[in-house]
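So this block is upload_18.cif, mmCIF, C-alpha atoms and all ligand atoms:
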data_data
loop_
_atom_site.label_atom_id
_atom_site.label_comp_id
_atom_site.auth_asym_id
_atom_site.auth_seq_id
_atom_site.Cartn_x
_atom_site.Cartn_y
_atom_site.Cartn_z
CA MET Z 1 0.00 0.00 0.00
CA LYS Z 2 1.19 3.55 -0.77
CA SER Z 3 2.32 5.43 2.33
CA ASN Z 4 1.05 8.96 1.78
CA LEU Z 5 -2.55 8.68 0.65
CA GLN Z 6 -5.24 11.30 1.01
CA VAL Z 7 -8.32 9.70 2.59
CA ALA Z 8 -11.54 11.77 2.40
CA ILE Z 9 -14.48 10.83 4.64
CA ASP Z 10 -17.68 12.82 4.06
CA GLY Z 11 -21.26 12.46 5.20
CA PRO Z 12 -24.05 14.01 7.27
CA ALA Z 13 -24.00 14.83 11.01
CA SER Z 14 -23.37 11.90 13.37
CA ALA Z 15 -22.78 9.35 10.63
CA GLY Z 16 -19.65 8.45 12.62
CA LYS Z 17 -17.11 10.32 10.50
CA SER Z 18 -14.83 11.69 13.19
CA THR Z 19 -14.87 8.59 15.42
CA VAL Z 20 -14.01 6.34 12.50
CA ALA Z 21 -11.60 8.77 10.75
CA LYS Z 22 -9.59 9.12 13.97
CA LYS Z 23 -9.23 5.34 14.27
CA VAL Z 24 -8.32 4.87 10.61
CA ALA Z 25 -5.69 7.63 10.88
CA HIS Z 26 -4.27 5.93 13.96
CA LEU Z 27 -4.08 2.52 12.24
CA LEU Z 28 -2.31 4.05 9.21
CA ASP Z 29 -0.16 6.37 11.33
CA TYR Z 30 -1.61 9.31 9.36
CA VAL Z 31 -2.58 12.82 10.44
CA TYR Z 32 -6.29 13.29 11.23
CA CYS Z 33 -8.06 16.51 10.30
CA ASP Z 34 -11.61 17.26 11.50
CA THR Z 35 -12.77 20.06 9.16
CA GLY Z 36 -16.12 20.36 10.97
CA ALA Z 37 -14.16 21.48 14.05
CA MET Z 38 -12.75 24.36 11.96
CA TYR Z 39 -16.24 25.57 10.98
CA ARG Z 40 -17.32 25.16 14.60
CA ALA Z 41 -14.29 27.15 15.84
CA VAL Z 42 -15.11 30.04 13.48
CA THR Z 43 -18.75 29.93 14.66
CA TRP Z 44 -17.59 30.01 18.30
CA ALA Z 45 -15.35 33.03 17.62
CA ALA Z 46 -18.09 34.87 15.69
CA LEU Z 47 -20.56 34.37 18.56
CA GLN Z 48 -17.95 35.50 21.10
CA GLN Z 49 -17.12 38.63 19.14
CA LYS Z 50 -20.76 39.28 18.23
CA VAL Z 51 -20.07 39.14 14.51
CA PRO Z 52 -23.34 38.65 12.56
CA LEU Z 53 -23.28 35.03 11.39
CA ASP Z 54 -24.55 35.78 7.89
CA ASN Z 55 -22.33 38.81 7.25
CA ASP Z 56 -19.72 37.54 4.82
CA ALA Z 57 -17.53 40.69 4.93
CA ALA Z 58 -17.49 40.78 8.73
CA LEU Z 59 -16.63 37.06 8.90
CA LYS Z 60 -13.82 37.60 6.38
CA GLU Z 61 -12.40 40.28 8.64
CA LEU Z 62 -12.73 37.99 11.67
CA LEU Z 63 -10.91 35.19 9.82
CA THR Z 64 -7.91 37.29 8.83
CA ASN Z 65 -7.02 37.69 12.50
CA LEU Z 66 -8.13 34.30 13.80
CA LYS Z 67 -5.64 31.58 14.71
CA ILE Z 68 -7.11 28.06 14.77
CA VAL Z 69 -4.68 25.40 15.98
CA PHE Z 70 -5.14 21.63 16.34
CA LYS Z 71 -3.02 19.70 18.83
CA PRO Z 72 -3.02 15.90 19.08
CA ALA Z 73 -4.32 14.61 22.43
CA ASP Z 74 -4.87 11.15 23.96
CA ASP Z 75 -8.57 11.14 23.05
CA GLY Z 76 -8.19 12.71 19.60
CA GLN Z 77 -7.26 16.33 19.26
CA LYS Z 78 -7.60 19.66 21.03
CA VAL Z 79 -8.75 22.82 19.25
CA PHE Z 80 -7.44 26.27 20.18
CA VAL Z 81 -8.72 29.64 18.96
CA ASP Z 82 -6.25 32.45 19.58
CA GLY Z 83 -4.63 30.34 22.31
CA GLU Z 84 -7.88 29.45 24.10
CA ASP Z 85 -8.82 25.76 24.40
CA VAL Z 86 -12.30 25.54 22.80
CA THR Z 87 -12.39 21.74 22.36
CA ALA Z 88 -15.47 21.30 24.57
CA ALA Z 89 -17.10 24.66 23.81
CA ILE Z 90 -17.38 24.03 20.06
CA ARG Z 91 -19.48 20.88 20.69
CA MET Z 92 -22.21 22.74 22.62
CA PRO Z 93 -25.75 22.80 21.13
CA GLU Z 94 -25.50 26.59 20.56
CA ILE Z 95 -22.67 25.99 18.09
CA SER Z 96 -24.39 23.01 16.41
CA LYS Z 97 -27.46 25.19 15.82
CA ASN Z 98 -25.53 28.03 14.18
CA VAL Z 99 -22.62 26.38 12.38
CA SER Z 100 -24.41 25.68 9.09
CA LEU Z 101 -25.17 29.37 8.60
CA VAL Z 102 -21.51 30.32 9.06
CA ALA Z 103 -20.40 27.40 6.86
CA ALA Z 104 -22.56 28.68 4.01
CA GLN Z 105 -20.63 31.99 3.75
CA ILE Z 106 -18.26 32.15 0.80
CA SER Z 107 -15.28 33.79 2.50
CA VAL Z 108 -15.41 31.26 5.34
CA ARG Z 109 -15.44 28.36 2.86
CA GLU Z 110 -12.61 29.85 0.82
CA ALA Z 111 -10.36 30.48 3.82
CA LEU Z 112 -10.94 27.08 5.45
CA THR Z 113 -10.70 25.12 2.18
CA LYS Z 114 -7.30 26.73 1.52
CA LYS Z 115 -6.10 25.83 5.03
CA GLN Z 116 -7.32 22.25 4.63
CA GLN Z 117 -5.60 21.84 1.25
CA GLU Z 118 -2.33 23.10 2.74
CA LEU Z 119 -2.59 20.55 5.56
CA ALA Z 120 -3.11 17.73 3.03
CA LEU Z 121 -0.33 18.68 0.59
CA ASP Z 122 2.04 15.87 1.57
CA GLY Z 123 -0.70 13.24 1.89
CA GLY Z 124 -0.67 10.79 4.80
CA ILE Z 125 -3.90 12.35 6.02
CA VAL Z 126 -7.47 11.33 6.86
CA MET Z 127 -9.78 14.32 6.55
CA ASP Z 128 -13.46 14.30 7.41
CA GLY Z 129 -16.20 16.79 6.56
CA ARG Z 130 -18.90 17.47 4.00
CA ASP Z 131 -17.03 18.53 0.84
CA ILE Z 132 -13.63 16.86 1.16
CA GLY Z 133 -14.08 14.39 -1.73
CA THR Z 134 -15.84 16.93 -3.95
CA THR Z 135 -14.05 20.25 -3.34
CA VAL Z 136 -11.17 20.18 -0.87
CA LEU Z 137 -9.36 17.05 -2.10
CA PRO Z 138 -10.97 16.13 -5.46
CA ASP Z 139 -7.96 13.91 -6.29
CA ALA Z 140 -7.95 11.98 -3.01
CA GLU Z 141 -7.05 8.32 -3.60
CA VAL Z 142 -9.74 7.15 -1.16
CA LYS Z 143 -13.20 8.69 -0.87
CA ILE Z 144 -15.76 7.36 1.59
CA PHE Z 145 -19.32 8.64 2.01
CA LEU Z 146 -20.68 7.60 5.42
CA VAL Z 147 -24.44 7.60 5.97
CA ALA Z 148 -26.93 6.42 8.62
CA SER Z 149 -30.65 6.96 9.17
CA VAL Z 150 -31.71 10.24 10.84
CA LYS Z 151 -33.22 8.23 13.75
CA GLU Z 152 -29.97 6.39 14.40
CA ARG Z 153 -27.90 9.57 14.10
CA ALA Z 154 -30.17 11.45 16.55
CA LEU Z 155 -29.89 8.54 18.98
CA ARG Z 156 -26.09 8.63 18.74
CA ARG Z 157 -26.03 12.37 19.44
CA PHE Z 158 -28.53 11.86 22.30
CA ARG Z 159 -26.29 9.30 23.99
CA GLU Z 160 -23.27 11.53 23.47
CA ASP Z 161 -24.98 14.60 25.02
CA GLN Z 162 -26.33 12.53 27.93
CA ALA Z 163 -22.84 11.26 28.69
CA LYS Z 164 -21.68 14.89 28.81
CA GLY Z 165 -24.53 15.78 31.17
CA ILE Z 166 -26.25 17.96 28.55
CA LYS Z 167 -30.08 17.77 28.78
CA VAL Z 168 -31.57 17.17 25.35
CA ASP Z 169 -34.80 15.98 23.82
CA LEU Z 170 -34.52 13.14 21.30
CA SER Z 171 -37.23 14.45 18.97
CA GLU Z 172 -35.64 17.92 19.06
CA LEU Z 173 -32.31 16.35 18.09
CA GLU Z 174 -33.95 14.51 15.22
CA LYS Z 175 -35.40 17.78 13.94
CA GLU Z 176 -32.09 19.63 14.34
CA ILE Z 177 -30.15 16.93 12.49
CA ALA Z 178 -32.69 16.80 9.65
CA LEU Z 179 -32.62 20.60 9.36
CA ARG Z 180 -28.80 20.69 9.34
CA ASP Z 181 -28.75 17.95 6.65
CA LYS Z 182 -31.10 20.07 4.57
CA LYS Z 183 -29.07 23.28 5.01
CA ASP Z 184 -25.77 21.50 4.27
CA SER Z 185 -27.14 19.70 1.21
CA THR Z 186 -28.90 22.61 -0.40
CA ARG Z 187 -26.40 25.45 0.07
CA LEU Z 188 -24.97 26.98 -3.11
CA ILE Z 189 -21.26 26.54 -2.36
CA SER Z 190 -19.80 23.07 -1.79
CA PRO Z 191 -23.02 21.38 -0.69
CA LEU Z 192 -23.00 17.98 1.01
CA VAL Z 193 -23.18 15.52 -1.89
CA GLN Z 194 -21.54 12.18 -2.53
CA ALA Z 195 -18.57 12.50 -4.90
CA LYS Z 196 -19.04 10.42 -8.05
CA ASP Z 197 -16.03 8.26 -7.19
CA ALA Z 198 -16.83 7.91 -3.46
CA ILE Z 199 -17.81 4.59 -1.90
CA LYS Z 200 -20.95 4.74 0.22
CA VAL Z 201 -20.93 2.96 3.59
CA ASP Z 202 -24.23 2.76 5.52
CA THR Z 203 -23.36 2.65 9.24
CA THR Z 204 -26.95 2.46 10.60
CA SER Z 205 -26.57 -1.06 11.94
CA LEU Z 206 -22.78 -1.28 12.10
CA THR Z 207 -20.55 -0.91 15.13
CA ILE Z 208 -17.63 1.51 15.04
CA GLU Z 209 -15.21 -1.43 14.72
CA GLN Z 210 -17.15 -2.85 11.76
CA VAL Z 211 -17.07 0.52 9.95
CA VAL Z 212 -13.33 0.90 10.59
CA ALA Z 213 -12.69 -2.63 9.25
CA LYS Z 214 -14.75 -1.89 6.15
CA ILE Z 215 -12.86 1.32 5.42
CA MET Z 216 -9.46 -0.31 6.00
CA GLU Z 217 -10.47 -3.05 3.56
CA ILE Z 218 -11.45 -0.43 0.93
CA ILE Z 219 -8.16 1.44 1.40
CA LYS Z 220 -6.01 -1.69 1.14
CA LYS Z 221 -7.92 -3.15 -1.80
CA ASN Z 222 -7.54 -0.06 -3.97
CA ASN Z 223 -4.05 1.10 -3.13
O1 LIG P 1 -20.01 16.48 14.11
P1 LIG P 1 -21.14 16.90 13.24
O2 LIG P 1 -21.41 15.89 12.17
O3 LIG P 1 -22.32 17.39 13.96
O4 LIG P 1 -20.71 18.14 12.40
P2 LIG P 1 -19.27 18.61 12.06
O5 LIG P 1 -18.56 17.64 11.20
O6 LIG P 1 -18.64 19.04 13.32
O7 LIG P 1 -19.61 19.87 11.16
C1 LIG P 1 -20.36 20.95 11.66
C2 LIG P 1 -20.93 21.75 10.50
O8 LIG P 1 -19.83 22.35 9.79
C3 LIG P 1 -21.70 20.97 9.45
O9 LIG P 1 -23.07 20.79 9.78
C4 LIG P 1 -21.52 21.85 8.21
O10 LIG P 1 -22.45 22.91 8.24
C5 LIG P 1 -20.14 22.44 8.42
N1 LIG P 1 -19.10 21.76 7.64
C6 LIG P 1 -18.98 22.08 6.31
O11 LIG P 1 -19.76 22.87 5.80
N2 LIG P 1 -17.97 21.55 5.56
C7 LIG P 1 -17.11 20.69 6.10
N3 LIG P 1 -16.11 20.20 5.34
C8 LIG P 1 -17.23 20.31 7.45
C9 LIG P 1 -18.26 20.85 8.20
O1 LIG P 2 -18.32 13.00 12.99
P1 LIG P 2 -19.77 12.64 12.92
O2 LIG P 2 -20.67 13.75 13.31
O3 LIG P 2 -20.16 12.05 11.60
O4 LIG P 2 -20.05 11.47 13.96
P2 LIG P 2 -19.25 11.08 15.27
O5 LIG P 2 -19.13 12.27 16.14
O6 LIG P 2 -18.01 10.35 14.91
O7 LIG P 2 -20.22 10.00 15.89
C1 LIG P 2 -21.37 10.36 16.61
C2 LIG P 2 -21.62 9.34 17.71
O8 LIG P 2 -22.03 8.11 17.12
C3 LIG P 2 -20.40 9.04 18.56
O9 LIG P 2 -20.80 9.04 19.91
C4 LIG P 2 -19.98 7.65 18.13
O10 LIG P 2 -19.42 6.91 19.18
C5 LIG P 2 -21.30 7.05 17.69
N1 LIG P 2 -21.16 6.01 16.64
C6 LIG P 2 -21.83 4.83 16.77
O11 LIG P 2 -22.50 4.64 17.77
N2 LIG P 2 -21.74 3.85 15.81
C7 LIG P 2 -21.04 4.04 14.69
N3 LIG P 2 -20.98 3.09 13.77
C8 LIG P 2 -20.36 5.27 14.54
C9 LIG P 2 -20.46 6.24 15.53
#
Please re-express this file's structure in structure tokens.
Amino acid sequence: MKSNLQVAIDGPASAGKSTVAKKVAHLLDYVYCDTGAMYRAVTWAALQQKVPLDNDAALKELLTNLKIVFKPADDGQKVFVDGEDVTAAIRMPEISKNVSLVAAQISVREALTKKQQELALDGGIVMDGRDIGTTVLPDAEVKIFLVASVKERALRRFREDQAKGIKVDLSELEKEIALRDKKDSTRLISPLVQAKDAIKVDTTSLTIEQVVAKIMEIIKKNN
């Protein structure tokens, strides 16, 4: 197998992208890049600095001065914005509710896409998001499109929030996930769509280990 592949993992919210991408990166000894965390970090900073979330010019200005840094940690990675550890803060429901609006702004997409492409230049990377196989890394050697039913994805998020002590309503989560899917799939720039050469993996009734095994098999078979 080649040693410096680009592996793109796309799909809707809670399909299992980051959990699985992290494990695949670990098995291959590759870098892992969670692009959703970048959009979340920008959303966090915009809310902090009271920048209107649909104001492209104001977000562009915010981005020119913003420093987003990822640092590997035992349980994945830590995210810092201008030196502040925002790893937990960017997962809060307030960010999940607002991130799709920020992610639809052209200057935000341009700036983050450029950063992601720079990170992937030398290969040896597993990157997860919504538009990695279509826009960020169109020549990636491996493209996976992870899906799962809305019900299953809401349940996964519910369990995750409960474990963090966050009080949530399952039907509310279902609605939020369906709405975010819709916003992400219908936006004008880099919408969430399966790349023509991506392999679809339905994770609805698969365990994390089964999904990881499936992806490793796809990577080894084709490279
Ligand atoms: O973890 P979850 O699936 O909830 O979402 P995420 O991967 O953290 O991404 C959060 C949001 O960022 C998504 O709903 C998209 O609106 C946006 N995003 C994007 O537009 N493009 C990407 N490559 C990654 C995330
Ligand atoms: O990154 P994305 O939003 O696609 O999903 P994730 O954050 O990796 O996964 C959401 C939750 O689903 C996590 O708590 C995972 O442990 C869980 N999960 C699962 O139960 N079964 C899978 N096959 C994949 C993920």
- [ ] Please provide as number ranges by chain all residues within 12 Å of Z:Pro138, with the sequence filter that same-chain residues fewer than 3 positions apart are discarded (counting all atoms listed in the file).
- [x] Z: 6-9, 113, 117, 120, 131-135, 141-143, 190, 194-198
Counting all atoms listed in the file, which residues of stretch 120-140 of chain Z sit at most 10 Å from some atom of stretch 34-58 of chain Z, and what is each one's closest atom pair with its distance in Å to one decimal, listed by chain and rising residue number, as a tab-separated table?
residue	atom	partner	partner_atom	distance
Z:Val126	CA	Z:Asp34	CA	8.6
Z:Met127	CA	Z:Asp34	CA	6.0
Z:Asp128	CA	Z:Asp34	CA	5.4
Z:Gly129	CA	Z:Thr35	CA	5.4
Z:Arg130	CA	Z:Gly36	CA	8.0
Z:Asp131	CA	Z:Thr35	CA	9.5
Z:Ile132	CA	Z:Thr35	CA	8.7
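The space separating atom CA of Z:Val136 from atom CA of Z:Leu206 comes to 27.6 Å.
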Could you give me the axis-aligned bounding box of ligand LIG 2 (chain P), with 6 Å of padding per side, as centre plus edge lengths in Å to one decimal, as lines of an AutoDock Vina configuration file?
center_x = -20.3
center_y = 8.4
center_z = 15.8
size_x = 16.5
size_y = 22.7
size_z = 20.3
Open item on the list: Restricting the calculation to all atoms listed in the file: of Z:Glu160, Z:Asp122, Z:Asp169, Z:Asp181, which residue gets closest to ligand LIG 2 (chain P)?
Closed with: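 Using all atoms listed in the file, ligand LIG 2 (chain P) sits closest to Z:Glu160.
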With all atoms listed in the file counted and 8 Å as the cut-off, give the residues of chain Z in contact with ligand LIG 2 (chain P), each with its shortest interatomic distance in Å and the pair that gives it, as JSON lines.
{"residue": "Z:Asp10", "atom": "CA", "partner": "P:LIG2", "partner_atom": "O3", "distance": 8.0}
{"residue": "Z:Gly11", "atom": "CA", "partner": "P:LIG2", "partner_atom": "O3", "distance": 6.5}
{"residue": "Z:Pro12", "atom": "CA", "partner": "P:LIG2", "partner_atom": "O3", "distance": 6.1}
{"residue": "Z:Ala13", "atom": "CA", "partner": "P:LIG2", "partner_atom": "O2", "distance": 4.2}
{"residue": "Z:Ser14", "atom": "CA", "partner": "P:LIG2", "partner_atom": "O2", "distance": 3.3}
{"residue": "Z:Ala15", "atom": "CA", "partner": "P:LIG2", "partner_atom": "O3", "distance": 3.9}
{"residue": "Z:Gly16", "atom": "CA", "partner": "P:LIG2", "partner_atom": "O4", "distance": 3.3}
{"residue": "Z:Lys17", "atom": "CA", "partner": "P:LIG2", "partner_atom": "O3", "distance": 3.7}
{"residue": "Z:Ser18", "atom": "CA", "partner": "P:LIG2", "partner_atom": "O1", "distance": 3.7}
{"residue": "Z:Thr19", "atom": "CA", "partner": "P:LIG2", "partner_atom": "O6", "distance": 3.6}
{"residue": "Z:Val20", "atom": "CA", "partner": "P:LIG2", "partner_atom": "O6", "distance": 6.2}
{"residue": "Z:Ala21", "atom": "CA", "partner": "P:LIG2", "partner_atom": "O6", "distance": 7.8}
{"residue": "Z:Gly36", "atom": "CA", "partner": "P:LIG2", "partner_atom": "O1", "distance": 7.9}
{"residue": "Z:Asp128", "atom": "CA", "partner": "P:LIG2", "partner_atom": "O1", "distance": 7.5}
{"residue": "Z:Gly129", "atom": "CA", "partner": "P:LIG2", "partner_atom": "O1", "distance": 7.8}
{"residue": "Z:Leu146", "atom": "CA", "partner": "P:LIG2", "partner_atom": "O3", "distance": 7.6}
{"residue": "Z:Arg153", "atom": "CA", "partner": "P:LIG2", "partner_atom": "O8", "distance": 6.8}
{"residue": "Z:Arg156", "atom": "CA", "partner": "P:LIG2", "partner_atom": "O8", "distance": 4.4}
{"residue": "Z:Arg157", "atom": "CA", "partner": "P:LIG2", "partner_atom": "C2", "distance": 5.6}
{"residue": "Z:Arg159", "atom": "CA", "partner": "P:LIG2", "partner_atom": "O9", "distance": 6.8}
{"residue": "Z:Glu160", "atom": "CA", "partner": "P:LIG2", "partner_atom": "O9", "distance": 5.0}
{"residue": "Z:Thr203", "atom": "CA", "partner": "P:LIG2", "partner_atom": "N3", "distance": 5.1}
{"residue": "Z:Thr204", "atom": "CA", "partner": "P:LIG2", "partner_atom": "N3", "distance": 6.8}
{"residue": "Z:Ser205", "atom": "CA", "partner": "P:LIG2", "partner_atom": "N3", "distance": 7.2}
{"residue": "Z:Leu206", "atom": "CA", "partner": "P:LIG2", "partner_atom": "N3", "distance": 5.0}
{"residue": "Z:Thr207", "atom": "CA", "partner": "P:LIG2", "partner_atom": "N3", "distance": 4.2}
{"residue": "Z:Ile208", "atom": "CA", "partner": "P:LIG2", "partner_atom": "N3", "distance": 3.9}
{"residue": "Z:Glu209", "atom": "CA", "partner": "P:LIG2", "partner_atom": "N3", "distance": 7.4}
{"residue": "Z:Gln210", "atom": "CA", "partner": "P:LIG2", "partner_atom": "N3", "distance": 7.3}
{"residue": "Z:Val211", "atom": "CA", "partner": "P:LIG2", "partner_atom": "N3", "distance": 6.0}
With C-alpha atoms retained, export the selected residues as a PDB file, in the coordinates of the input.
ATOM      1  CA  ASP Z  10     -17.680  12.820   4.060  1.00  0.00           C
ATOM      2  CA  GLY Z  11     -21.260  12.460   5.200  1.00  0.00           C
ATOM      3  CA  PRO Z  12     -24.050  14.010   7.270  1.00  0.00           C
ATOM      4  CA  ALA Z  13     -24.000  14.830  11.010  1.00  0.00           C
ATOM      5  CA  SER Z  14     -23.370  11.900  13.370  1.00  0.00           C
ATOM      6  CA  ALA Z  15     -22.780   9.350  10.630  1.00  0.00           C
ATOM      7  CA  GLY Z  16     -19.650   8.450  12.620  1.00  0.00           C
ATOM      8  CA  LYS Z  17     -17.110  10.320  10.500  1.00  0.00           C
ATOM      9  CA  SER Z  18     -14.830  11.690  13.190  1.00  0.00           C
ATOM     10  CA  THR Z  19     -14.870   8.590  15.420  1.00  0.00           C
ATOM     11  CA  VAL Z  20     -14.010   6.340  12.500  1.00  0.00           C
ATOM     12  CA  ALA Z  21     -11.600   8.770  10.750  1.00  0.00           C
ATOM     13  CA  GLY Z  36     -16.120  20.360  10.970  1.00  0.00           C
ATOM     14  CA  ASP Z 128     -13.460  14.300   7.410  1.00  0.00           C
ATOM     15  CA  GLY Z 129     -16.200  16.790   6.560  1.00  0.00           C
ATOM     16  CA  LEU Z 146     -20.680   7.600   5.420  1.00  0.00           C
ATOM     17  CA  ARG Z 153     -27.900   9.570  14.100  1.00  0.00           C
ATOM     18  CA  ARG Z 156     -26.090   8.630  18.740  1.00  0.00           C
ATOM     19  CA  ARG Z 157     -26.030  12.370  19.440  1.00  0.00           C
ATOM     20  CA  ARG Z 159     -26.290   9.300  23.990  1.00  0.00           C
ATOM     21  CA  GLU Z 160     -23.270  11.530  23.470  1.00  0.00           C
ATOM     22  CA  THR Z 203     -23.360   2.650   9.240  1.00  0.00           C
ATOM     23  CA  THR Z 204     -26.950   2.460  10.600  1.00  0.00           C
ATOM     24  CA  SER Z 205     -26.570  -1.060  11.940  1.00  0.00           C
ATOM     25  CA  LEU Z 206     -22.780  -1.280  12.100  1.00  0.00           C
ATOM     26  CA  THR Z 207     -20.550  -0.910  15.130  1.00  0.00           C
ATOM     27  CA  ILE Z 208     -17.630   1.510  15.040  1.00  0.00           C
ATOM     28  CA  GLU Z 209     -15.210  -1.430  14.720  1.00  0.00           C
ATOM     29  CA  GLN Z 210     -17.150  -2.850  11.760  1.00  0.00           C
ATOM     30  CA  VAL Z 211     -17.070   0.520   9.950  1.00  0.00           C
TER      31      VAL Z 211
END
Please identify all polymer residues within 8 Å of stretch 73-86 of chain Z, counting only C-alpha atoms, omitting same-chain residues fewer than 3 positions from it, and present them as an mmCIF file with C-alpha atoms, keeping the file's coordinate frame.
data_model
loop_
_atom_site.group_PDB
_atom_site.id
_atom_site.type_symbol
_atom_site.label_atom_id
_atom_site.label_comp_id
_atom_site.auth_asym_id
_atom_site.auth_seq_id
_atom_site.Cartn_x
_atom_site.Cartn_y
_atom_site.Cartn_z
ATOM 1 C CA LYS Z 22 -9.590 9.120 13.970
ATOM 2 C CA ALA Z 37 -14.160 21.480 14.050
ATOM 3 C CA ALA Z 41 -14.290 27.150 15.840
ATOM 4 C CA ALA Z 45 -15.350 33.030 17.620
ATOM 5 C CA LEU Z 66 -8.130 34.300 13.800
ATOM 6 C CA LYS Z 67 -5.640 31.580 14.710
ATOM 7 C CA ILE Z 68 -7.110 28.060 14.770
ATOM 8 C CA VAL Z 69 -4.680 25.400 15.980
ATOM 9 C CA PHE Z 70 -5.140 21.630 16.340
ATOM 10 C CA ALA Z 89 -17.100 24.660 23.810
ATOM 11 C CA ILE Z 90 -17.380 24.030 20.060
#
